[in-house]
Amino acid sequence: MREIRTGVFGLGSVNKNLLSIITEKEDILSQKHGLKFKIVAVSDSGGYAFNSDGYDKELLVSHKENGGRVADLEGFCAKYQPLDDIDLLFEATPVDIKTGGEALETTREALSRGVSVVLANKGPVVHAFQELKKIARENKCGLEFSATVCGGLPVLNIANRDMIAAKTDKFSGIFNGTCNFILDALGKGKSFDDAIKEAQAVGAAEADPSLDTDGWDTAFKLLIIANTLHDADYKLDDVSVTGIAGVTAAAIAEEVKKSNKIKLVATCVDGTLTVAPTVVPADSFLGSCNGWEMGVEIHSDIYGISYHKLYEKEPIPTAASMLRDAVNIFS
Ligand SMILES: NC(=O)c1ccc[n+]([C@@H]2O[C@H](COP(=O)([O-])OP(=O)(O)OC[C@H]3O[C@@H](n4cnc5c(N)ncnc54)[C@H](OP(=O)(O)O)[C@@H]3O)[C@@H](O)[C@H]2O)c1
């Protein structure tokens, strides 16, 4: 049995679900994979806490669910300190779109000391994919981030592990539930503002949904998948991004008459990266991704065209992806 001394940064929906899954799956993890995760560091927006003997995972979850703070825990420390004697860091703090933020610094620092990192936060890989990969390689540790794109859908794993020697010059996908919901609501004749309200009412949109509706969340995911598939170093400036603000109920109604839909589609064709509202046949794969569904179709030279779709409402599959990444690193 290998004990993995683990830091859990961010104790929001994703990491709380991750801690619950690790608790629930403890037997499988030990019996099948020979791994036991001991949580020796945690953080939230108020700071960090360190406990070499380990925190109780269920207590951490209930503490946060009941409004508790990391500051209440034994071992609290307002500032981050590089951790000795730690094997793994789960990073699920809010994304900083402009720079990658503190999460990028923490990831760099951890990898440079040989600590493996599993990310749900897209910031570090959007801003420094090749650099972080190099640091991980040089320090013989793992860097995985399958949770950053399409939640539980193992797009990156399929492409890396199961499409050996393939050329994947074309792929396209629907990566953002908020836009799906808003476009559906526009299709029912709602105004854009009412469509946003409807998406907020079903929990599909944030109070400020602009990162989604302007297309940036989709662009981040496109960039991460393209860089991973092509081992490339595309930057955000390489992505042409158009959000859904210009899509009208009338335009959608017109397309419905022709058995089409309008979707926010991310496409990579021969290295050209685009996010834009796109007309797709209603009975096509992309036309069938609605509401909480995300999907990607990958055109490859030797594995045909594959279609992958996931229904994810709660972030449980996203959290499970982080566990999957960790197990892949250590087993
Ligand atoms: N939710 C999903 O379905 C999903 C799917 C894929 C990827 N992601 C990504 O996963 C990450 C986490 O998402 P989430 O839904 O779990 O977010 P969340 O519920 O808002 O939780 C974020 C957590 O990070 C903490 N935090 C905020 N600033 C921090 C800082 N500077 N240092 C340390 N901790 C900090 C928050 O602290 P407090 O508890 O004090 O507020 C909270 O515990 C985001 O980057 C998101 O884009 C989410």
# chains A, B, ... in the order shown; residues from 1 in each chain; ligands from 1
$ residues_near_ligand --ligand "ligand 1" --cutoff "8 Å" --atoms "only C-alpha atoms and all ligand atoms" --output "ChimeraX atom specification"
/A:9-16,43-48,64,69-70,91-96,102-103,119-123,147-151,313-316,318-319
$ residues_around --residues "Leu132 (chain A)" --least-positions-apart "3" --cutoff "8 Å" --atoms "only C-alpha atoms" --output "list in words"
Thr107, Arg108, Leu111, Val125, Ala128, Phe129, Ile135, Ala136 and Leu143 of chain A
$ residues_around --residues "Ile244 (chain A)" --least-positions-apart "4" --cutoff "10 Å" --atoms "only C-alpha atoms" --output "PyMOL selection string"
chain A and resi 179-180+182-183+192+210+212-215+248+262-264+275-278
$ residues_around --residues "region 229-234 of chain A" --least-positions-apart "5" --cutoff "9 Å" --atoms "only C-alpha atoms" --output "VMD selection string"
chain A and resid 126 128 to 130 156 159 to 160 167 to 169 223 to 224 239 271 273
$ write_last_selection --atoms "N, CA and C atoms" --output "short mmCIF file (atom, residue, chain, number, x, y, z; two decimals), in the first residue's frame"
data_model
loop_
_atom_site.label_atom_id
_atom_site.label_comp_id
_atom_site.auth_asym_id
_atom_site.auth_seq_id
_atom_site.Cartn_x
_atom_site.Cartn_y
_atom_site.Cartn_z
N VAL A 126 -3.73 26.71 -19.53
CA VAL A 126 -4.00 27.65 -20.63
C VAL A 126 -2.79 28.55 -20.83
N ALA A 128 0.51 28.14 -19.52
CA ALA A 128 1.90 27.66 -19.48
C ALA A 128 2.00 26.15 -19.69
N PHE A 129 1.24 25.64 -20.64
CA PHE A 129 1.17 24.20 -20.86
C PHE A 129 2.56 23.58 -21.08
N GLN A 130 3.29 24.10 -22.07
CA GLN A 130 4.58 23.47 -22.39
C GLN A 130 5.60 23.66 -21.27
N LEU A 156 -8.98 13.93 -23.18
CA LEU A 156 -7.51 14.00 -23.27
C LEU A 156 -6.91 12.59 -23.16
N ALA A 159 -7.45 10.64 -26.40
CA ALA A 159 -6.56 11.12 -27.46
C ALA A 159 -5.12 10.69 -27.21
N ASN A 160 -4.68 10.78 -25.96
CA ASN A 160 -3.27 10.46 -25.65
C ASN A 160 -3.01 8.98 -25.59
N LYS A 167 -2.99 10.99 -36.49
CA LYS A 167 -3.02 12.42 -36.78
C LYS A 167 -4.46 12.86 -36.54
N THR A 168 -4.63 13.86 -35.72
CA THR A 168 -6.00 14.32 -35.43
C THR A 168 -6.09 15.78 -35.87
N ASP A 169 -6.12 15.97 -37.18
CA ASP A 169 -6.08 17.33 -37.70
C ASP A 169 -7.39 18.08 -37.55
N LEU A 223 -8.26 25.25 -26.46
CA LEU A 223 -6.80 25.43 -26.41
C LEU A 223 -6.13 24.25 -25.69
N ILE A 224 -6.71 23.85 -24.58
CA ILE A 224 -6.12 22.75 -23.80
C ILE A 224 -6.14 21.46 -24.61
N VAL A 239 -6.65 31.83 -30.92
CA VAL A 239 -8.04 31.36 -31.04
C VAL A 239 -8.94 32.53 -31.47
N GLY A 271 -4.82 23.16 -37.25
CA GLY A 271 -4.18 24.15 -36.39
C GLY A 271 -4.89 25.50 -36.34
N LEU A 273 -7.82 27.54 -34.89
CA LEU A 273 -8.70 27.34 -33.73
C LEU A 273 -9.81 28.40 -33.73
#
$ select_by_dssp --residues "region 90-125 of chain A" --states "helix (DSSP H, G or I)" --output "PyMOL selection string"
chain A and resi 101-112+123-125
$ closest_atom_pairs --of "region 120-153 of chain A" --to "region 79-88 of chain A" --cutoff "12 Å" --atoms "only C-alpha atoms" --output "JSON lines"
{"residue": "A:Lys140", "atom": "CA", "partner": "A:Asp87", "partner_atom": "CA", "distance": 11.7}
{"residue": "A:Cys141", "atom": "CA", "partner": "A:Asp87", "partner_atom": "CA", "distance": 8.9}
{"residue": "A:Gly142", "atom": "CA", "partner": "A:Leu88", "partner_atom": "CA", "distance": 8.7}
{"residue": "A:Leu143", "atom": "CA", "partner": "A:Leu88", "partner_atom": "CA", "distance": 9.7}
{"residue": "A:Glu144", "atom": "CA", "partner": "A:Leu88", "partner_atom": "CA", "distance": 11.0}
$ atom_distance --atom1 "CA of Arg137 (chain A)" --atom2 "CA of Ala41 (chain A)"
24.1 Å
$ residues_around --residues "Ile174 (chain A)" --least-positions-apart "3" --cutoff "10 Å" --atoms "only C-alpha atoms" --output "number ranges by chain"
A: 150, 177, 179-180, 218, 221-222, 263-267, 275, 286-287, 289-290, 293-297, 309
$ write_last_selection --atoms "N, CA and C atoms" --output "mmCIF file, in the first residue's frame"
data_model
loop_
_atom_site.group_PDB
_atom_site.id
_atom_site.type_symbol
_atom_site.label_atom_id
_atom_site.label_comp_id
_atom_site.auth_asym_id
_atom_site.auth_seq_id
_atom_site.Cartn_x
_atom_site.Cartn_y
_atom_site.Cartn_z
ATOM 1 N N CYS A 150 -14.393 19.364 -20.414
ATOM 2 C CA CYS A 150 -15.541 18.452 -20.496
ATOM 3 C C CYS A 150 -15.692 17.576 -19.264
ATOM 4 N N GLY A 177 -22.159 24.291 -21.135
ATOM 5 C CA GLY A 177 -23.574 24.073 -20.853
ATOM 6 C C GLY A 177 -24.367 25.368 -20.791
ATOM 7 N N CYS A 179 -24.046 28.089 -22.492
ATOM 8 C CA CYS A 179 -24.424 28.536 -23.847
ATOM 9 C C CYS A 179 -25.486 27.617 -24.435
ATOM 10 N N ASN A 180 -25.370 26.328 -24.172
ATOM 11 C CA ASN A 180 -26.390 25.382 -24.646
ATOM 12 C C ASN A 180 -27.772 25.770 -24.129
ATOM 13 N N THR A 218 -15.161 28.252 -23.499
ATOM 14 C CA THR A 218 -15.030 27.274 -24.594
ATOM 15 C C THR A 218 -13.641 27.376 -25.223
ATOM 16 N N LYS A 221 -10.969 25.593 -23.227
ATOM 17 C CA LYS A 221 -11.019 24.128 -23.367
ATOM 18 C C LYS A 221 -10.480 23.702 -24.727
ATOM 19 N N LEU A 222 -10.835 24.476 -25.755
ATOM 20 C CA LEU A 222 -10.318 24.179 -27.099
ATOM 21 C C LEU A 222 -8.789 24.222 -27.097
ATOM 22 N N LYS A 263 -25.369 26.284 -32.465
ATOM 23 C CA LYS A 263 -24.630 25.863 -31.259
ATOM 24 C C LYS A 263 -23.342 26.672 -31.171
ATOM 25 N N LEU A 264 -22.830 26.836 -29.951
ATOM 26 C CA LEU A 264 -21.496 27.434 -29.827
ATOM 27 C C LEU A 264 -20.481 26.297 -30.002
ATOM 28 N N VAL A 265 -19.833 26.299 -31.156
ATOM 29 C CA VAL A 265 -18.959 25.177 -31.508
ATOM 30 C C VAL A 265 -17.487 25.617 -31.480
ATOM 31 N N ALA A 266 -16.667 24.773 -30.889
ATOM 32 C CA ALA A 266 -15.205 24.967 -30.905
ATOM 33 C C ALA A 266 -14.633 24.027 -31.950
ATOM 34 N N THR A 267 -13.758 24.567 -32.807
ATOM 35 C CA THR A 267 -13.222 23.735 -33.889
ATOM 36 C C THR A 267 -11.721 23.921 -34.014
ATOM 37 N N VAL A 275 -13.801 29.510 -32.123
ATOM 38 C CA VAL A 275 -15.018 29.330 -31.307
ATOM 39 C C VAL A 275 -16.057 30.282 -31.885
ATOM 40 N N LEU A 286 -23.173 16.979 -33.107
ATOM 41 C CA LEU A 286 -23.115 18.236 -32.346
ATOM 42 C C LEU A 286 -24.526 18.801 -32.124
ATOM 43 N N GLY A 287 -25.393 18.601 -33.107
ATOM 44 C CA GLY A 287 -26.779 19.076 -32.967
ATOM 45 C C GLY A 287 -27.514 18.369 -31.852
ATOM 46 N N CYS A 289 -26.153 17.599 -28.899
ATOM 47 C CA CYS A 289 -25.618 17.920 -27.555
ATOM 48 C C CYS A 289 -26.423 19.075 -26.968
ATOM 49 N N ASN A 290 -27.276 18.783 -26.033
ATOM 50 C CA ASN A 290 -28.169 19.804 -25.467
ATOM 51 C C ASN A 290 -27.986 19.932 -23.963
ATOM 52 N N GLU A 293 -25.287 18.453 -21.638
ATOM 53 C CA GLU A 293 -24.386 17.551 -22.373
ATOM 54 C C GLU A 293 -23.217 18.311 -22.999
ATOM 55 N N MET A 294 -22.059 17.681 -22.947
ATOM 56 C CA MET A 294 -20.891 18.192 -23.677
ATOM 57 C C MET A 294 -20.433 17.086 -24.605
ATOM 58 N N GLY A 295 -19.890 17.471 -25.755
ATOM 59 C CA GLY A 295 -19.472 16.427 -26.689
ATOM 60 C C GLY A 295 -18.323 16.880 -27.558
ATOM 61 N N VAL A 296 -17.590 15.917 -28.059
ATOM 62 C CA VAL A 296 -16.506 16.230 -28.985
ATOM 63 C C VAL A 296 -16.420 15.134 -30.034
ATOM 64 N N GLU A 297 -16.203 15.537 -31.292
ATOM 65 C CA GLU A 297 -15.952 14.530 -32.323
ATOM 66 C C GLU A 297 -14.539 14.727 -32.840
ATOM 67 N N LYS A 309 -19.538 11.825 -25.801
ATOM 68 C CA LYS A 309 -20.540 12.718 -25.217
ATOM 69 C C LYS A 309 -20.713 12.402 -23.738
#
$ atom_distance --atom1 "CA of Ser300 (chain A)" --atom2 "CA of Ile164 (chain A)"
10.5 Å
$ closest_residue --among "A:Lys38, A:Phe171, A:Phe181, A:Glu105" --to "Gly203 (chain A)" --atoms "only C-alpha atoms"
A:Phe181
$ closest_residue --among "A:Ile225, A:Val269, A:Leu186, A:Ala71" --to "Val256 (chain A)" --atoms "only C-alpha atoms"
A:Leu186
$ atom_distance --atom1 "CA of His308 (chain A)" --atom2 "CA of Leu236 (chain A)"
24.5 Å
$ closest_residue --among "A:Thr274, A:Ser321, A:Ser288, A:Asn17" --to "Lys261 (chain A)" --atoms "only C-alpha atoms"
A:Ser288
$ select_by_dssp --residues "region 97-176 of chain A" --states "strand (DSSP E)" --output "list in words"
Ser116, Val117, Val118, Leu119, Leu143, Glu144, Lys170, Phe171, Ser172, Gly173 and Ile174 of chain A
$ residues_around --residues "Lys57 (chain A)" --least-positions-apart "5" --cutoff "8 Å" --atoms "only C-alpha atoms" --output "PyMOL selection string"
chain A and resi 19-20+23+39
$ closest_residue --among "A:Lys36, A:Arg324, A:Lys25, A:Arg113" --to "Met1 (chain A)" --atoms "only C-alpha atoms"
A:Lys36
$ decode --residues "region 14-45 of chain A" --atoms "N, CA and C atoms" --output "PDB file, in the first residue's frame"
ATOM      1  N   VAL A  14     -15.933  21.219  -6.466  1.00  0.00           N
ATOM      2  CA  VAL A  14     -15.157  20.140  -7.082  1.00  0.00           C
ATOM      3  C   VAL A  14     -14.362  19.370  -6.027  1.00  0.00           C
ATOM      4  N   ASN A  15     -13.591  20.067  -5.223  1.00  0.00           N
ATOM      5  CA  ASN A  15     -12.733  19.345  -4.272  1.00  0.00           C
ATOM      6  C   ASN A  15     -13.516  18.711  -3.120  1.00  0.00           C
ATOM      7  N   LYS A  16     -14.662  19.292  -2.756  1.00  0.00           N
ATOM      8  CA  LYS A  16     -15.479  18.623  -1.723  1.00  0.00           C
ATOM      9  C   LYS A  16     -16.009  17.295  -2.288  1.00  0.00           C
ATOM     10  N   ASN A  17     -16.452  17.337  -3.552  1.00  0.00           N
ATOM     11  CA  ASN A  17     -16.898  16.078  -4.181  1.00  0.00           C
ATOM     12  C   ASN A  17     -15.745  15.092  -4.290  1.00  0.00           C
ATOM     13  N   LEU A  18     -14.571  15.604  -4.602  1.00  0.00           N
ATOM     14  CA  LEU A  18     -13.399  14.720  -4.708  1.00  0.00           C
ATOM     15  C   LEU A  18     -13.114  14.039  -3.367  1.00  0.00           C
ATOM     16  N   LEU A  19     -13.151  14.818  -2.284  1.00  0.00           N
ATOM     17  CA  LEU A  19     -12.888  14.229  -0.958  1.00  0.00           C
ATOM     18  C   LEU A  19     -13.940  13.166  -0.620  1.00  0.00           C
ATOM     19  N   SER A  20     -15.197  13.443  -0.984  1.00  0.00           N
ATOM     20  CA  SER A  20     -16.257  12.456  -0.710  1.00  0.00           C
ATOM     21  C   SER A  20     -16.036  11.185  -1.536  1.00  0.00           C
ATOM     22  N   ILE A  21     -15.630  11.352  -2.790  1.00  0.00           N
ATOM     23  CA  ILE A  21     -15.400  10.171  -3.641  1.00  0.00           C
ATOM     24  C   ILE A  21     -14.226   9.355  -3.092  1.00  0.00           C
ATOM     25  N   ILE A  22     -13.168  10.048  -2.677  1.00  0.00           N
ATOM     26  CA  ILE A  22     -11.995   9.319  -2.142  1.00  0.00           C
ATOM     27  C   ILE A  22     -12.413   8.519  -0.906  1.00  0.00           C
ATOM     28  N   THR A  23     -13.276   9.124  -0.076  1.00  0.00           N
ATOM     29  CA  THR A  23     -13.750   8.407   1.117  1.00  0.00           C
ATOM     30  C   THR A  23     -14.594   7.193   0.715  1.00  0.00           C
ATOM     31  N   GLU A  24     -15.529   7.444  -0.208  1.00  0.00           N
ATOM     32  CA  GLU A  24     -16.454   6.376  -0.620  1.00  0.00           C
ATOM     33  C   GLU A  24     -15.712   5.229  -1.312  1.00  0.00           C
ATOM     34  N   LYS A  25     -14.661   5.561  -2.047  1.00  0.00           N
ATOM     35  CA  LYS A  25     -13.972   4.547  -2.860  1.00  0.00           C
ATOM     36  C   LYS A  25     -12.681   4.043  -2.195  1.00  0.00           C
ATOM     37  N   GLU A  26     -12.539   4.294  -0.909  1.00  0.00           N
ATOM     38  CA  GLU A  26     -11.294   3.951  -0.211  1.00  0.00           C
ATOM     39  C   GLU A  26     -10.897   2.481  -0.428  1.00  0.00           C
ATOM     40  N   ASP A  27     -11.896   1.581  -0.332  1.00  0.00           N
ATOM     41  CA  ASP A  27     -11.589   0.150  -0.454  1.00  0.00           C
ATOM     42  C   ASP A  27     -11.074  -0.189  -1.850  1.00  0.00           C
ATOM     43  N   ILE A  28     -11.768   0.302  -2.869  1.00  0.00           N
ATOM     44  CA  ILE A  28     -11.329   0.013  -4.257  1.00  0.00           C
ATOM     45  C   ILE A  28      -9.939   0.600  -4.483  1.00  0.00           C
ATOM     46  N   LEU A  29      -9.738   1.815  -3.980  1.00  0.00           N
ATOM     47  CA  LEU A  29      -8.441   2.468  -4.218  1.00  0.00           C
ATOM     48  C   LEU A  29      -7.313   1.681  -3.578  1.00  0.00           C
ATOM     49  N   SER A  30      -7.564   1.148  -2.388  1.00  0.00           N
ATOM     50  CA  SER A  30      -6.487   0.394  -1.743  1.00  0.00           C
ATOM     51  C   SER A  30      -6.369  -1.009  -2.334  1.00  0.00           C
ATOM     52  N   GLN A  31      -7.494  -1.691  -2.519  1.00  0.00           N
ATOM     53  CA  GLN A  31      -7.410  -3.089  -2.986  1.00  0.00           C
ATOM     54  C   GLN A  31      -6.965  -3.179  -4.442  1.00  0.00           C
ATOM     55  N   LYS A  32      -7.525  -2.328  -5.286  1.00  0.00           N
ATOM     56  CA  LYS A  32      -7.234  -2.453  -6.717  1.00  0.00           C
ATOM     57  C   LYS A  32      -5.996  -1.673  -7.136  1.00  0.00           C
ATOM     58  N   HIS A  33      -5.767  -0.531  -6.488  1.00  0.00           N
ATOM     59  CA  HIS A  33      -4.672   0.333  -6.948  1.00  0.00           C
ATOM     60  C   HIS A  33      -3.542   0.464  -5.936  1.00  0.00           C
ATOM     61  N   GLY A  34      -3.733  -0.076  -4.753  1.00  0.00           N
ATOM     62  CA  GLY A  34      -2.677  -0.013  -3.733  1.00  0.00           C
ATOM     63  C   GLY A  34      -2.383   1.405  -3.269  1.00  0.00           C
ATOM     64  N   LEU A  35      -3.403   2.278  -3.264  1.00  0.00           N
ATOM     65  CA  LEU A  35      -3.178   3.686  -2.923  1.00  0.00           C
ATOM     66  C   LEU A  35      -4.096   4.135  -1.784  1.00  0.00           C
ATOM     67  N   LYS A  36      -3.533   4.965  -0.919  1.00  0.00           N
ATOM     68  CA  LYS A  36      -4.336   5.576   0.149  1.00  0.00           C
ATOM     69  C   LYS A  36      -3.977   7.066   0.178  1.00  0.00           C
ATOM     70  N   PHE A  37      -4.970   7.917   0.066  1.00  0.00           N
ATOM     71  CA  PHE A  37      -4.709   9.360   0.021  1.00  0.00           C
ATOM     72  C   PHE A  37      -4.843   9.952   1.426  1.00  0.00           C
ATOM     73  N   LYS A  38      -3.765  10.550   1.898  1.00  0.00           N
ATOM     74  CA  LYS A  38      -3.798  11.213   3.215  1.00  0.00           C
ATOM     75  C   LYS A  38      -3.758  12.726   2.975  1.00  0.00           C
ATOM     76  N   ILE A  39      -4.751  13.424   3.488  1.00  0.00           N
ATOM     77  CA  ILE A  39      -4.864  14.864   3.199  1.00  0.00           C
ATOM     78  C   ILE A  39      -4.071  15.640   4.248  1.00  0.00           C
ATOM     79  N   VAL A  40      -2.920  16.168   3.834  1.00  0.00           N
ATOM     80  CA  VAL A  40      -2.044  16.845   4.800  1.00  0.00           C
ATOM     81  C   VAL A  40      -2.038  18.367   4.634  1.00  0.00           C
ATOM     82  N   ALA A  41      -2.699  18.868   3.589  1.00  0.00           N
ATOM     83  CA  ALA A  41      -2.757  20.324   3.399  1.00  0.00           C
ATOM     84  C   ALA A  41      -4.067  20.675   2.703  1.00  0.00           C
ATOM     85  N   VAL A  42      -4.658  21.788   3.101  1.00  0.00           N
ATOM     86  CA  VAL A  42      -5.896  22.255   2.458  1.00  0.00           C
ATOM     87  C   VAL A  42      -5.852  23.776   2.356  1.00  0.00           C
ATOM     88  N   SER A  43      -6.682  24.321   1.450  1.00  0.00           N
ATOM     89  CA  SER A  43      -6.785  25.784   1.410  1.00  0.00           C
ATOM     90  C   SER A  43      -8.184  26.196   0.963  1.00  0.00           C
ATOM     91  N   ASP A  44      -8.560  27.403   1.363  1.00  0.00           N
ATOM     92  CA  ASP A  44      -9.708  28.083   0.765  1.00  0.00           C
ATOM     93  C   ASP A  44      -9.297  29.533   0.583  1.00  0.00           C
ATOM     94  N   SER A  45     -10.267  30.422   0.311  1.00  0.00           N
ATOM     95  CA  SER A  45      -9.883  31.800  -0.008  1.00  0.00           C
ATOM     96  C   SER A  45      -9.243  32.517   1.186  1.00  0.00           C
TER      97      SER A  45
END
